[in-house]
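Participant: The structure's right below; bear with me while I get my questions together.
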Amino acid sequence: MERTKILFVCHGNICRSPMAEFVMKDKLTRAGTDDTGTKFADRFEVASAATSTEEIGNPVYPPARRMLNSHGIDCSGKYARQMTARDYDYYDYIVLMDQNNLRNLRWILPADIYERESSKPCKVSLLMEWAGVSRDVADPWYTGDFQATWDDVNVGCDAMLDKLIAQS
């Protein structure tokens, strides 16, 4: 079975993108099985990465980890890594947290990926676009408001999961 592969991306890969990674994994586990009896969690591969090198090797930021833990989600063993051009080829969906991430990807990915062709869907999207919202995921690094980030990530992941399940 071909798995749908999703990569969530933010600036440092210590707050927003790992929150999205582990929230989506949790949602897939809770979604149960499809009509064939296959677990949704087995139909998807979910990971996260950074556009920068600033936090490479660091664990999930403690307040983000606490927010996940408060909802029964364990993110232990996750360490920040930077996205590579190879990730673009590997993943089906590259899901960004904000417009700055999109700009920063230009240093990592070839320029032609930004040209949206009508015959080929674009792999790169913003998480809140999945929910029909035209704004960035709240960045707790600057605001300290991890609840707002949690709320945004859940809205975006719920919408994305609903659309991906409906497509399959």
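Identifiers in the structure tokens: chain A, B, ... in order shown; residue index from 1 per chain; ligand index from 1 in order shown.
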Determine which residues of chain A receive a DSSP assignment of alpha helix (DSSP H), computed from the backbone, and state them as a PyMOL selection string.
Facilitator: chain A and resi 16-30+40-43+62-70+85-90+99-105+140-143+146-167
Participant: Convert the current residue selection to file output with C-alpha atoms, as a short mmCIF file (atom, residue, chain, number, x, y, z; two decimals), in the first residue's frame.
Facilitator:
```
data_model
loop_
_atom_site.label_atom_id
_atom_site.label_comp_id
_atom_site.auth_asym_id
_atom_site.auth_seq_id
_atom_site.Cartn_x
_atom_site.Cartn_y
_atom_site.Cartn_z
CA ARG A 16 4.68 24.69 15.35
CA SER A 17 5.73 21.98 12.91
CA PRO A 18 6.36 19.30 15.55
CA MET A 19 3.03 20.24 17.15
CA ALA A 20 1.37 19.70 13.76
CA GLU A 21 3.28 16.44 13.21
CA PHE A 22 2.22 14.91 16.50
CA VAL A 23 -1.32 16.30 16.43
CA MET A 24 -1.82 14.79 12.96
CA LYS A 25 -0.38 11.44 14.08
CA ASP A 26 -2.75 11.47 17.06
CA LYS A 27 -5.73 12.34 14.85
CA LEU A 28 -4.84 9.52 12.45
CA THR A 29 -4.66 7.04 15.32
CA ARG A 30 -8.00 8.24 16.69
CA PHE A 40 -5.63 5.37 8.92
CA ALA A 41 -2.38 5.71 10.85
CA ASP A 42 -0.88 3.05 8.55
CA ARG A 43 -2.00 4.87 5.41
CA PRO A 62 9.47 22.74 26.43
CA PRO A 63 6.22 24.80 26.32
CA ALA A 64 5.22 23.11 23.04
CA ARG A 65 6.05 19.71 24.55
CA ARG A 66 3.97 20.56 27.64
CA MET A 67 1.02 21.59 25.45
CA LEU A 68 1.17 18.30 23.56
CA ASN A 69 1.58 16.31 26.79
CA SER A 70 -1.41 18.09 28.36
CA ALA A 85 15.50 19.23 -1.57
CA ARG A 86 15.27 15.44 -1.28
CA ASP A 87 12.27 15.89 1.06
CA TYR A 88 10.45 17.69 -1.72
CA ASP A 89 10.76 14.64 -3.93
CA TYR A 90 9.84 12.21 -1.14
CA GLN A 99 4.50 32.99 4.60
CA ASN A 100 8.04 33.38 5.94
CA ASN A 101 8.50 29.62 5.67
CA LEU A 102 7.48 29.85 2.01
CA ARG A 103 10.08 32.57 1.39
CA ASN A 104 12.75 30.58 3.24
CA LEU A 105 12.08 27.48 1.13
CA PRO A 140 4.30 31.01 19.97
CA TRP A 141 8.02 31.74 19.80
CA TYR A 142 7.14 35.43 19.63
CA THR A 143 3.77 35.53 21.39
CA PHE A 146 0.88 28.12 22.83
CA GLN A 147 -2.89 27.75 23.19
CA ALA A 148 -3.46 29.85 20.05
CA THR A 149 -0.95 27.69 18.20
CA TRP A 150 -2.62 24.53 19.49
CA ASP A 151 -5.99 25.83 18.27
CA ASP A 152 -4.64 26.76 14.81
CA VAL A 153 -2.83 23.44 14.40
CA ASN A 154 -5.97 21.51 15.31
CA VAL A 155 -8.18 23.48 12.92
CA GLY A 156 -5.68 23.02 10.08
CA CYS A 157 -5.01 19.33 10.76
CA ASP A 158 -8.72 18.52 11.10
CA ALA A 159 -9.46 20.15 7.74
CA MET A 160 -6.48 18.53 6.04
CA LEU A 161 -7.31 15.10 7.40
CA ASP A 162 -10.97 15.38 6.35
CA LYS A 163 -9.94 16.33 2.80
CA LEU A 164 -7.28 13.64 2.49
CA ILE A 165 -9.59 10.92 3.76
CA ALA A 166 -12.35 12.07 1.42
CA GLN A 167 -9.91 11.94 -1.53
#
```
Participant: Nearest residue to Val60 (chain A) out of A:Val46, A:Val95, A:Ile108, A:Ala80, using only C-alpha atoms?
Facilitator: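 That would be A:Ala80, the residue with the smallest distance to Val60 (chain A).
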Participant: Set the distance at 8 Å and use only C-alpha atoms: which residues neighbour Val124 (chain A) once local chain neighbours fewer than 4 positions away are removed? I'd like the list as a ChimeraX atom specification.
Facilitator: /A:93-96
Participant: Measure the distance from CA of Val137 (chain A) to CA of Glu54 (chain A) in Å and round it to one decimal.
Facilitator: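 So the two atoms, CA of Val137 (chain A) and CA of Glu54 (chain A), lie 19.8 Å apart.
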Participant: List the neighbours of Met97 (chain A) out to 6 Å using only C-alpha atoms; skip same-chain residues closer than 4 positions along the sequence, and give me the result as number ranges by chain.
Facilitator: A: 10, 126-127, 136-137
Participant: I want to know what sits within 7 Å of Ser52 (chain A), based on only C-alpha atoms, with residues of the same chain fewer than 4 positions away left out; could you give that as a list in words?
Facilitator: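 The neighbour list is His11, Gly12 and Gln82 of chain A.
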Participant: Please, what distance in Å, to one decimal, runs between CA of Gly77 (chain A) and CA of Ser125 (chain A)?
Facilitator: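 CA of Ser125 (chain A) lies at a distance of 26.5 Å from CA of Gly77 (chain A).
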Participant: What parts of region 48-154 of chain A does DSSP call strand (DSSP E)? I'd like the answer as a count of residues only.
Facilitator: 10
Participant: One decimal, in Å: what's the spacing between CA of Leu7 (chain A) and CA of Asp145 (chain A)?
Facilitator: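 Pair CA of Leu7 (chain A) / CA of Asp145 (chain A) returns 23.5 Å.
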Participant: When distances are computed from only C-alpha atoms, which of A:Asp139, A:Asp98, A:Leu109, A:Thr33 shows the smallest separation from Ile14 (chain A)?
Facilitator: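 Counting only C-alpha atoms, the residue closest to Ile14 (chain A) is A:Asp139.
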